[in-house]
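Shown below: structure-v1.txt, with compact mmCIF, C-alpha atoms (C1' of nucleotides).
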# COMPACT_ATOMS: atom_id res chain seq x y z
CA MET X 1 -8.29 15.11 -3.85
CA PRO X 2 -8.46 11.61 -2.59
CA GLU X 3 -9.73 10.38 0.66
CA LEU X 4 -11.39 7.02 1.02
CA PRO X 5 -14.45 7.86 -1.14
CA GLU X 6 -12.33 8.88 -4.14
CA VAL X 7 -10.25 5.73 -3.81
CA GLU X 8 -13.42 3.66 -3.76
CA SER X 9 -14.65 5.35 -6.91
CA ALA X 10 -11.29 4.67 -8.58
CA ARG X 11 -11.54 1.03 -7.56
CA ALA X 12 -15.06 0.78 -8.96
CA ALA X 13 -13.89 2.39 -12.20
CA ILE X 14 -11.16 -0.20 -12.65
CA GLU X 15 -13.72 -2.92 -12.00
CA ARG X 16 -16.07 -1.38 -14.54
CA ALA X 17 -13.64 -0.39 -17.26
CA GLY X 18 -10.21 -1.88 -16.64
CA LEU X 19 -10.57 -5.60 -15.99
CA GLY X 20 -9.86 -8.23 -18.64
CA ARG X 21 -7.99 -5.96 -21.03
CA LYS X 22 -4.61 -7.25 -22.14
CA ILE X 23 -1.66 -5.10 -21.09
CA ALA X 24 0.48 -4.35 -24.15
CA ASP X 25 2.86 -1.80 -22.67
CA VAL X 26 3.69 -0.06 -19.40
CA ASP X 27 5.33 3.29 -18.79
CA ASP X 28 6.96 2.99 -15.39
CA SER X 29 9.73 5.47 -16.03
CA ASP X 30 8.83 7.77 -13.12
CA THR X 31 11.45 6.63 -10.65
CA TYR X 32 9.81 8.48 -7.80
CA GLU X 33 6.28 7.12 -7.92
CA CYS X 34 7.42 3.65 -8.98
CA ARG X 35 10.12 3.46 -6.33
CA PRO X 36 11.62 1.12 -5.21
CA HIS X 37 11.15 -0.52 -8.60
CA SER X 38 13.65 0.37 -11.27
CA PRO X 39 12.41 1.56 -14.67
CA GLY X 40 11.22 -1.37 -16.73
CA GLU X 41 10.71 -3.68 -13.78
CA ILE X 42 6.96 -3.17 -13.60
CA ARG X 43 6.67 -3.36 -17.39
CA GLU X 44 8.56 -6.66 -17.44
CA ALA X 45 6.25 -8.02 -14.77
CA LEU X 46 2.96 -6.95 -16.36
CA VAL X 47 3.14 -6.99 -20.17
CA GLY X 48 0.93 -9.76 -21.52
CA ARG X 49 -1.19 -9.97 -18.36
CA ARG X 50 -4.66 -8.64 -17.57
CA LEU X 51 -6.10 -7.03 -14.46
CA VAL X 52 -8.53 -9.57 -13.01
CA SER X 53 -9.85 -7.88 -9.86
CA ALA X 54 -9.67 -4.56 -8.03
CA HIS X 55 -9.52 -4.26 -4.23
CA ARG X 56 -9.43 -1.50 -1.67
CA GLN X 57 -8.51 -1.35 2.00
CA GLY X 58 -8.73 2.15 3.34
CA LYS X 59 -7.00 4.40 0.82
CA PHE X 60 -4.91 1.54 -0.51
CA LEU X 61 -5.87 0.16 -3.93
CA TRP X 62 -4.54 -2.93 -5.68
CA CYS X 63 -5.31 -5.27 -8.55
CA GLU X 64 -4.69 -8.95 -9.05
CA THR X 65 -3.25 -9.86 -12.43
CA SER X 66 -3.61 -12.91 -14.65
CA GLY X 67 -1.07 -15.36 -15.97
CA ILE X 68 0.41 -14.75 -19.40
CA GLY X 69 -1.35 -16.46 -22.29
CA ARG X 70 -2.87 -19.71 -21.05
CA SER X 71 -0.73 -19.90 -17.96
CA ARG X 72 -2.78 -20.26 -14.81
CA THR X 73 -0.03 -18.90 -12.65
CA ALA X 74 -1.24 -15.54 -11.41
CA GLY X 75 0.92 -12.48 -11.94
CA PRO X 76 2.01 -10.01 -9.27
CA GLU X 77 -0.40 -7.66 -7.56
CA LEU X 78 -0.31 -4.10 -8.84
CA ALA X 79 -0.89 -1.49 -6.13
CA ILE X 80 -1.71 2.14 -6.83
CA HIS X 81 -1.87 4.73 -4.07
CA LEU X 82 -3.37 8.04 -5.18
CA GLY X 83 -1.53 10.05 -2.55
CA MET X 84 -2.98 13.51 -2.09
CA SER X 85 -3.35 14.57 -5.70
CA GLY X 86 -3.59 11.44 -7.82
CA ARG X 87 -6.45 10.48 -10.13
CA LEU X 88 -6.98 7.49 -12.31
CA VAL X 89 -7.85 8.00 -15.94
CA ILE X 90 -9.16 5.06 -17.92
CA THR X 91 -9.75 5.44 -21.62
CA GLY X 92 -11.63 3.18 -23.99
CA PRO X 93 -10.46 1.18 -26.98
CA ASP X 94 -10.35 4.22 -29.22
CA GLY X 95 -7.61 5.40 -26.92
CA PRO X 96 -5.76 8.70 -26.92
CA GLY X 97 -7.61 9.95 -29.98
CA GLY X 98 -10.73 10.61 -27.92
CA ARG X 99 -11.51 14.22 -27.16
CA PRO X 100 -10.35 15.30 -23.69
CA GLY X 101 -13.04 15.24 -21.08
CA THR X 102 -15.31 13.19 -23.26
CA PRO X 103 -16.06 9.66 -22.20
CA THR X 104 -14.62 7.31 -24.76
CA GLN X 105 -16.18 4.11 -25.92
CA GLY X 106 -15.85 1.30 -23.44
CA GLY X 107 -14.11 3.38 -20.83
CA ASP X 108 -14.30 6.81 -19.30
CA TYR X 109 -12.43 9.71 -17.88
CA LEU X 110 -12.75 9.60 -14.13
CA GLY X 111 -13.43 12.68 -12.16
CA THR X 112 -15.38 15.63 -13.40
CA ALA X 113 -15.02 18.12 -16.19
CA ASP X 114 -11.63 18.73 -17.73
CA PRO X 115 -11.95 22.15 -19.36
CA GLU X 116 -8.21 22.71 -19.64
CA GLY X 117 -7.66 19.35 -21.22
CA VAL X 118 -5.01 18.43 -18.69
CA LEU X 119 -6.27 14.86 -18.51
CA ASP X 120 -5.74 14.47 -22.23
CA PRO X 121 -3.28 11.62 -22.66
CA ARG X 122 -1.43 13.73 -25.19
CA ASN X 123 -0.57 16.08 -22.32
CA PRO X 124 2.27 14.18 -20.69
CA ALA X 125 3.10 16.62 -17.93
CA TRP X 126 1.52 14.89 -14.97
CA ASN X 127 1.10 11.32 -16.18
CA ARG X 128 3.21 9.34 -13.76
CA PHE X 129 2.34 5.78 -14.75
CA THR X 130 0.54 4.28 -17.72
CA LEU X 131 -0.77 0.87 -18.69
CA THR X 132 -1.46 0.70 -22.41
CA PHE X 133 -3.93 -1.99 -23.34
CA ALA X 134 -3.77 -4.04 -26.52
CA ASP X 135 -7.07 -2.44 -27.58
CA GLY X 136 -5.42 0.99 -27.64
CA GLY X 137 -6.95 2.32 -24.40
CA GLU X 138 -5.03 3.26 -21.31
CA LEU X 139 -5.12 3.27 -17.54
CA ARG X 140 -3.11 6.19 -16.22
CA LEU X 141 -2.14 7.60 -12.86
CA PHE X 142 -2.41 11.38 -13.23
CA ASP X 143 -0.74 13.08 -10.29
CA LYS X 144 0.39 16.69 -10.17
CA ARG X 145 2.08 16.61 -6.81
CA ARG X 146 3.77 13.28 -7.31
CA LEU X 147 2.67 11.90 -3.98
CA GLY X 148 1.14 8.76 -5.46
CA ARG X 149 2.81 5.38 -5.42
CA VAL X 150 2.81 2.38 -7.74
CA ARG X 151 4.25 -0.89 -6.64
CA LEU X 152 4.24 -4.62 -7.22
CA ASP X 153 3.21 -7.10 -4.54
CA PRO X 154 2.65 -4.50 -1.83
CA ASP X 155 3.07 -5.30 1.84
CA ARG X 156 -0.28 -4.72 3.49
CA SER X 157 0.61 -6.25 6.83
CA ALA X 158 0.79 -2.89 8.60
CA LEU X 159 -2.60 -1.73 7.37
CA GLY X 160 -5.47 -1.74 9.86
CA PRO X 161 -9.00 -2.96 9.11
CA ASP X 162 -10.92 -0.86 6.61
CA ALA X 163 -12.91 1.99 8.17
CA GLN X 164 -16.16 0.59 6.83
CA ALA X 165 -15.51 -3.03 7.70
CA ILE X 166 -14.02 -2.71 11.19
CA THR X 167 -16.04 -4.46 13.89
CA LEU X 168 -16.96 -2.82 17.18
CA GLU X 169 -14.67 -5.14 19.07
CA GLN X 170 -11.74 -4.39 16.74
CA PHE X 171 -12.47 -0.70 16.94
CA ARG X 172 -12.50 -0.63 20.74
CA HIS X 173 -9.27 -2.57 21.03
CA ARG X 174 -7.33 -0.74 18.34
CA LEU X 175 -8.57 2.79 18.73
CA GLY X 176 -9.16 3.14 22.44
CA ARG X 177 -5.54 2.56 23.32
CA GLY X 178 -2.60 4.82 23.99
CA SER X 179 -2.32 8.34 25.30
CA SER X 180 -2.31 9.99 21.87
CA PRO X 181 -5.17 12.29 20.92
CA VAL X 182 -8.08 10.30 19.57
CA LYS X 183 -7.75 12.13 16.25
CA ALA X 184 -4.17 10.88 15.87
CA ARG X 185 -5.45 7.33 16.37
CA LEU X 186 -8.12 7.84 13.73
CA LEU X 187 -5.53 9.09 11.25
CA ASP X 188 -3.12 6.23 11.92
CA GLN X 189 -3.58 3.86 8.95
CA SER X 190 -2.23 0.94 10.96
CA VAL X 191 -5.01 1.39 13.52
CA VAL X 192 -7.89 1.80 11.08
CA ALA X 193 -7.40 2.22 7.34
CA GLY X 194 -9.00 4.97 5.32
CA VAL X 195 -9.48 8.00 7.57
CA GLY X 196 -8.00 11.24 6.26
CA ASN X 197 -7.87 14.64 7.90
CA LEU X 198 -11.26 15.85 6.72
CA LEU X 199 -13.07 12.61 7.41
CA ALA X 200 -11.56 12.57 10.90
CA ASP X 201 -12.91 16.05 11.69
CA GLU X 202 -16.33 15.18 10.30
CA THR X 203 -16.44 11.95 12.31
CA LEU X 204 -15.41 13.56 15.60
CA TRP X 205 -17.94 16.33 15.10
CA GLN X 206 -20.72 13.82 14.38
CA ALA X 207 -19.78 11.86 17.50
CA GLY X 208 -19.48 14.95 19.72
CA ILE X 209 -15.96 14.05 20.80
CA ALA X 210 -13.12 16.58 21.09
CA PRO X 211 -10.17 15.69 18.83
CA GLN X 212 -7.49 16.15 21.48
CA ARG X 213 -9.02 13.74 24.01
CA PRO X 214 -6.51 11.01 24.92
CA ALA X 215 -7.73 7.84 23.17
CA ASP X 216 -7.55 5.67 26.27
CA GLU X 217 -9.85 8.03 28.18
CA LEU X 218 -12.79 7.28 25.91
CA ASP X 219 -15.35 4.97 27.48
CA ASP X 220 -17.13 2.13 25.66
CA ASP X 221 -20.12 4.26 24.78
CA GLU X 222 -17.97 6.98 23.27
CA LEU X 223 -15.98 4.47 21.23
CA ALA X 224 -19.21 2.94 19.96
CA ALA X 225 -20.52 6.38 19.04
CA LEU X 226 -17.26 7.18 17.29
CA ARG X 227 -17.38 4.02 15.20
CA ARG X 228 -21.01 4.66 14.33
CA ALA X 229 -20.15 8.19 13.22
CA LEU X 230 -17.17 6.95 11.20
CA ARG X 231 -19.22 4.38 9.32
CA LYS X 232 -22.00 6.85 8.71
CA ALA X 233 -19.69 9.61 7.48
CA THR X 234 -17.77 7.21 5.26
CA ARG X 235 -20.92 5.72 3.77
CA ALA X 236 -22.37 9.16 3.10
CA ALA X 237 -19.15 10.41 1.53
CA ILE X 238 -18.99 7.45 -0.84
CA ALA X 239 -22.66 7.82 -1.75
CA HIS X 240 -22.33 11.54 -2.43
CA GLY X 241 -19.02 11.39 -4.24
CA GLY X 242 -16.57 12.80 -1.72
CA VAL X 243 -15.86 13.85 1.81
CA HIS X 244 -16.54 17.47 0.85
CA THR X 245 -20.23 16.69 0.97
CA GLY X 246 -20.07 16.18 4.75
CA THR X 247 -22.11 18.32 7.10
CA PHE X 248 -19.23 19.78 9.06
CA ILE X 249 -16.47 19.94 6.42
CA PRO X 250 -17.75 23.11 4.69
CA HIS X 251 -17.47 24.92 8.03
CA ARG X 252 -13.81 24.04 8.52
CA THR X 253 -12.63 27.57 7.90
CA ARG X 254 -11.30 30.43 9.94
CA ALA X 255 -14.36 32.11 11.41
CA GLY X 256 -16.50 29.10 10.49
CA HIS X 257 -19.52 28.24 12.60
CA CYS X 258 -20.91 24.94 13.85
CA PRO X 259 -23.80 23.98 11.53
CA ARG X 260 -25.77 22.71 14.53
CA CYS X 261 -25.32 25.23 17.31
CA GLY X 262 -23.75 28.19 15.56
CA ALA X 263 -20.74 28.43 17.87
CA GLU X 264 -17.53 29.61 16.27
CA VAL X 265 -15.36 26.63 15.39
CA GLN X 266 -11.95 26.27 17.00
CA ARG X 267 -8.79 25.64 15.06
CA ALA X 268 -5.58 23.99 16.27
CA THR X 269 -2.98 21.44 15.26
CA VAL X 270 -3.83 17.98 16.55
CA GLY X 271 -1.90 14.90 15.44
CA SER X 272 0.25 17.19 13.30
CA ARG X 273 -2.77 18.14 11.20
CA THR X 274 -4.93 21.22 11.02
CA THR X 275 -8.01 20.46 13.06
CA TYR X 276 -11.34 22.21 13.43
CA TRP X 277 -13.99 21.39 16.00
CA CYS X 278 -16.99 22.83 17.81
CA PRO X 279 -15.97 23.72 21.38
CA LYS X 280 -19.57 23.76 22.52
CA GLU X 281 -20.62 20.32 21.32
CA GLN X 282 -17.42 18.28 21.25
CA HIS X 283 -16.10 17.15 24.63
C1' DA Z 284 4.59 37.57 -2.08
C1' DC Z 285 3.94 34.24 1.01
C1' DT Z 286 1.88 30.50 3.70
C1' DC Z 287 -0.64 26.41 4.01
C1' DG Z 288 -2.36 21.82 2.90
C1' DT Z 289 -7.53 16.34 1.51
C1' DG Z 290 -1.34 11.75 2.25
C1' DT Z 291 2.48 8.80 3.18
C1' DT Z 292 6.92 7.42 4.71
C1' DA Z 293 11.80 7.40 6.34
C1' DG Z 294 14.46 8.96 9.76
C1' DC Z 295 15.33 11.10 13.93
C1' DT Z 296 14.52 12.45 18.90
C1' DG Z 297 12.69 12.11 23.58
C1' DT E 298 8.08 0.52 22.37
C1' DC E 299 5.61 4.39 21.97
C1' DA E 300 4.91 9.11 20.55
C1' DG E 301 5.78 13.10 18.05
C1' DC E 302 8.35 15.93 14.78
C1' DT E 303 10.59 17.02 10.08
C1' DA E 304 11.55 16.63 5.31
C1' DA E 305 10.33 15.27 0.85
C1' DC E 306 7.17 15.34 -3.09
C1' DA E 307 5.20 19.96 -6.30
C1' DC E 308 1.33 22.49 -7.06
C1' DG E 309 -3.06 25.34 -6.23
C1' DA E 310 -5.66 28.16 -3.19
C1' DG E 311 -6.22 31.97 -0.32

Write-out of the structure in structure tokens:
Amino acid sequence: MPELPEVESARAAIERAGLGRKIADVDDSDTYECRPHSPGEIREALVGRRLVSAHRQGKFLWCETSGIGRSRTAGPELAIHLGMSGRLVITGPDGPGGRPGTPTQGGDYLGTADPEGVLDPRNPAWNRFTLTFADGGELRLFDKRRLGRVRLDPDRSALGPDAQAITLEQFRHRLGRGSSPVKARLLDQSVVAGVGNLLADETLWQAGIAPQRPADELDDDELAALRRALRKATRAAIAHGGVHTGTFIPHRTRAGHCPRCGAEVQRATVGSRTTYWCPKEQH
DNA sequence: ACTCGTGTTAGCTG
DNA sequence: TCAGCTAACACGAG
């Protein structure tokens, strides 16, 4: 279930296994995830091109594409947002014939085990978008809940600096403004890109700051501590393969206890999202 | 059986 | 302009 770390691993997988392969066909018939493009529009734009680079800003992922044939004119950017339930599946040149869950030559199935075989490309149920490469392999967006998005030439102008790359000065100016709860600021992708609900709770817990504090009441030291905690939590989550590996996240349950002081964690809605925090350590 | 939710966005209201 | 809420998406978990 994607937060920033899963998006980064998807980006790295495209870089490792998806670049340079010629696009022979595109299934963009899901009018919801490919909206506002009409069916066939993305296929028309991409057939004959290759993905040449993969980028990420927060939870937003996009690829640059090549010209067609010897043309040096670059193609459109292809953006893929995983939403809340999307996963990328990249298969190797031996394509759909590979056994489900088994890495195929030259590519791999992303994510972990697939005992039910739902990632098998022959199971069409939740495949929302597919690039078929000339070598027979595929890059697919697999998304049960249909919250993902695919689009050409995305507008990134409203996206804030990436959570890992944001400078202290940027962070102070963007985050420490407004009367909203500081957690709402953290979750606002136009303020800082990449923080989801779980990562926000982990970060606030690490920094010892209560989620409902008005953002403009935080002093410089608290904002610095918050940024430090954000970068640390993000880095750790990427290194360990997901935000679930955080210290506080496993204790985000009813009757959960703070892993440091043992106090019972509080639960409330902050910034329209379910929020857990330690009332003893977060102020 | 029923409620809730790791994300985003459009649209509305104050 | 800012801030906050709701619906939509569609399924799994508890």

Discussion item. What does the structure give for the distance between atom CA of Cys63 of chain X and atom CA of Leu230 of chain X, in Å to one decimal?
Written reply: 26.1 Å

Item to complete: Select all residues from chain Z having any atom no more than 10 Å from an atom of chain X (counting all atoms listed in the file, ignoring ligands), output as a list in words.
Response: DC287, DG288, DT289, DG290 and DT291 of chain Z

Please identify every residue of chain X that has at least one atom no farther than 12 Å from an atom of chain E, counting all atoms listed in the file, and for each give the shortest atom pair and the distance in Å to one decimal, arranged by chain then increasing number, as a tab-separated table.
residue	atom	partner	partner_atom	distance
X:Met1	CA	E:DG309	C1'	11.7
X:Tyr32	CA	E:DC306	C1'	8.7
X:Glu33	CA	E:DC306	C1'	9.6
X:Gly83	CA	E:DC306	C1'	10.2
X:Met84	CA	E:DC306	C1'	10.4
X:Ser85	CA	E:DC308	C1'	9.3
X:Trp126	CA	E:DA307	C1'	10.7
X:Asp143	CA	E:DA307	C1'	9.9
X:Lys144	CA	E:DC308	C1'	6.6
X:Arg145	CA	E:DA307	C1'	4.6
X:Arg146	CA	E:DC306	C1'	5.8
X:Leu147	CA	E:DC306	C1'	5.7
X:Gly148	CA	E:DC306	C1'	9.2
X:Arg149	CA	E:DC306	C1'	11.1
X:Arg177	CA	E:DC299	C1'	11.4
X:Gly178	CA	E:DC299	C1'	8.5
X:Ser179	CA	E:DA300	C1'	8.7
X:Ser180	CA	E:DA300	C1'	7.4
X:Pro181	CA	E:DA300	C1'	10.6
X:Ala184	CA	E:DA300	C1'	10.4
X:Arg185	CA	E:DA300	C1'	11.3
X:Thr253	CA	E:DG311	C1'	11.3
X:Arg254	CA	E:DG311	C1'	11.6
X:Val270	CA	E:DG301	C1'	10.9
X:Gly271	CA	E:DG301	C1'	8.3
X:Ser272	CA	E:DC302	C1'	8.3
X:Arg273	CA	E:DC302	C1'	11.9

Worksheet item: In Å to one decimal, how far is atom CA of Gly86 of chain X from atom CA of Val26 of chain X?
Response: 17.9 Å

Worksheet item: Hey, can you check how far atom CA of Ser190 of chain X sits from atom CA of Ala13 of chain X?
Response: 26.0 Å

Worksheet entry | Contact residues around Glu8 of chain X with all atoms listed in the file at 12 Å, ignoring same-chain residues under 5 positions, as a PyMOL selection string | chain X and resi 2-3+13-15+54-62+81-82+87-88+110+162+164+194+234-235+237-243

Selection to disk with C-alpha atoms, as a short mmCIF file (atom, residue, chain, number, x, y, z; two decimals), in the frame of the given file:
data_model
loop_
_atom_site.label_atom_id
_atom_site.label_comp_id
_atom_site.auth_asym_id
_atom_site.auth_seq_id
_atom_site.Cartn_x
_atom_site.Cartn_y
_atom_site.Cartn_z
CA PRO X 2 -8.46 11.61 -2.59
CA GLU X 3 -9.73 10.38 0.66
CA ALA X 13 -13.89 2.39 -12.20
CA ILE X 14 -11.16 -0.20 -12.65
CA GLU X 15 -13.72 -2.92 -12.00
CA ALA X 54 -9.67 -4.56 -8.03
CA HIS X 55 -9.52 -4.26 -4.23
CA ARG X 56 -9.43 -1.50 -1.67
CA GLN X 57 -8.51 -1.35 2.00
CA GLY X 58 -8.73 2.15 3.34
CA LYS X 59 -7.00 4.40 0.82
CA PHE X 60 -4.91 1.54 -0.51
CA LEU X 61 -5.87 0.16 -3.93
CA TRP X 62 -4.54 -2.93 -5.68
CA HIS X 81 -1.87 4.73 -4.07
CA LEU X 82 -3.37 8.04 -5.18
CA ARG X 87 -6.45 10.48 -10.13
CA LEU X 88 -6.98 7.49 -12.31
CA LEU X 110 -12.75 9.60 -14.13
CA ASP X 162 -10.92 -0.86 6.61
CA GLN X 164 -16.16 0.59 6.83
CA GLY X 194 -9.00 4.97 5.32
CA THR X 234 -17.77 7.21 5.26
CA ARG X 235 -20.92 5.72 3.77
CA ALA X 237 -19.15 10.41 1.53
CA ILE X 238 -18.99 7.45 -0.84
CA ALA X 239 -22.66 7.82 -1.75
CA HIS X 240 -22.33 11.54 -2.43
CA GLY X 241 -19.02 11.39 -4.24
CA GLY X 242 -16.57 12.80 -1.72
CA VAL X 243 -15.86 13.85 1.81
#

Calculate, to one decimal in Å, the centre and edge lengths of the box along x, y and z of the file that holds all listed atoms of segment 298-310 of chain E with 8 Å of margin on each side, and present them as AutoDock Vina command-line options.
--center_x 2.9 --center_y 14.3 --center_z 7.7 --size_x 33.2 --size_y 43.6 --size_z 45.4

Worksheet item: Nearest to Arg151 of chain X: which of X:Glu77, X:Ala236, X:Ala268, X:Arg231 is it, counting all atoms listed in the file?
Response: X:Glu77

Practice prompt. Find the spatial neighbours of Phe129 of chain X, counting only C-alpha atoms (C1' of nucleotides), within a cut-off of 9 Å - ignore same-chain residues fewer than 3 positions away - and output them as a list in words.
Written response: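 Within the cut-off, the hits are Val26, Asp27, Asp28, Ser29, Asp30, Glu33, Cys34, Leu139, Arg140, Leu141, Phe142 and Val150 of chain X.
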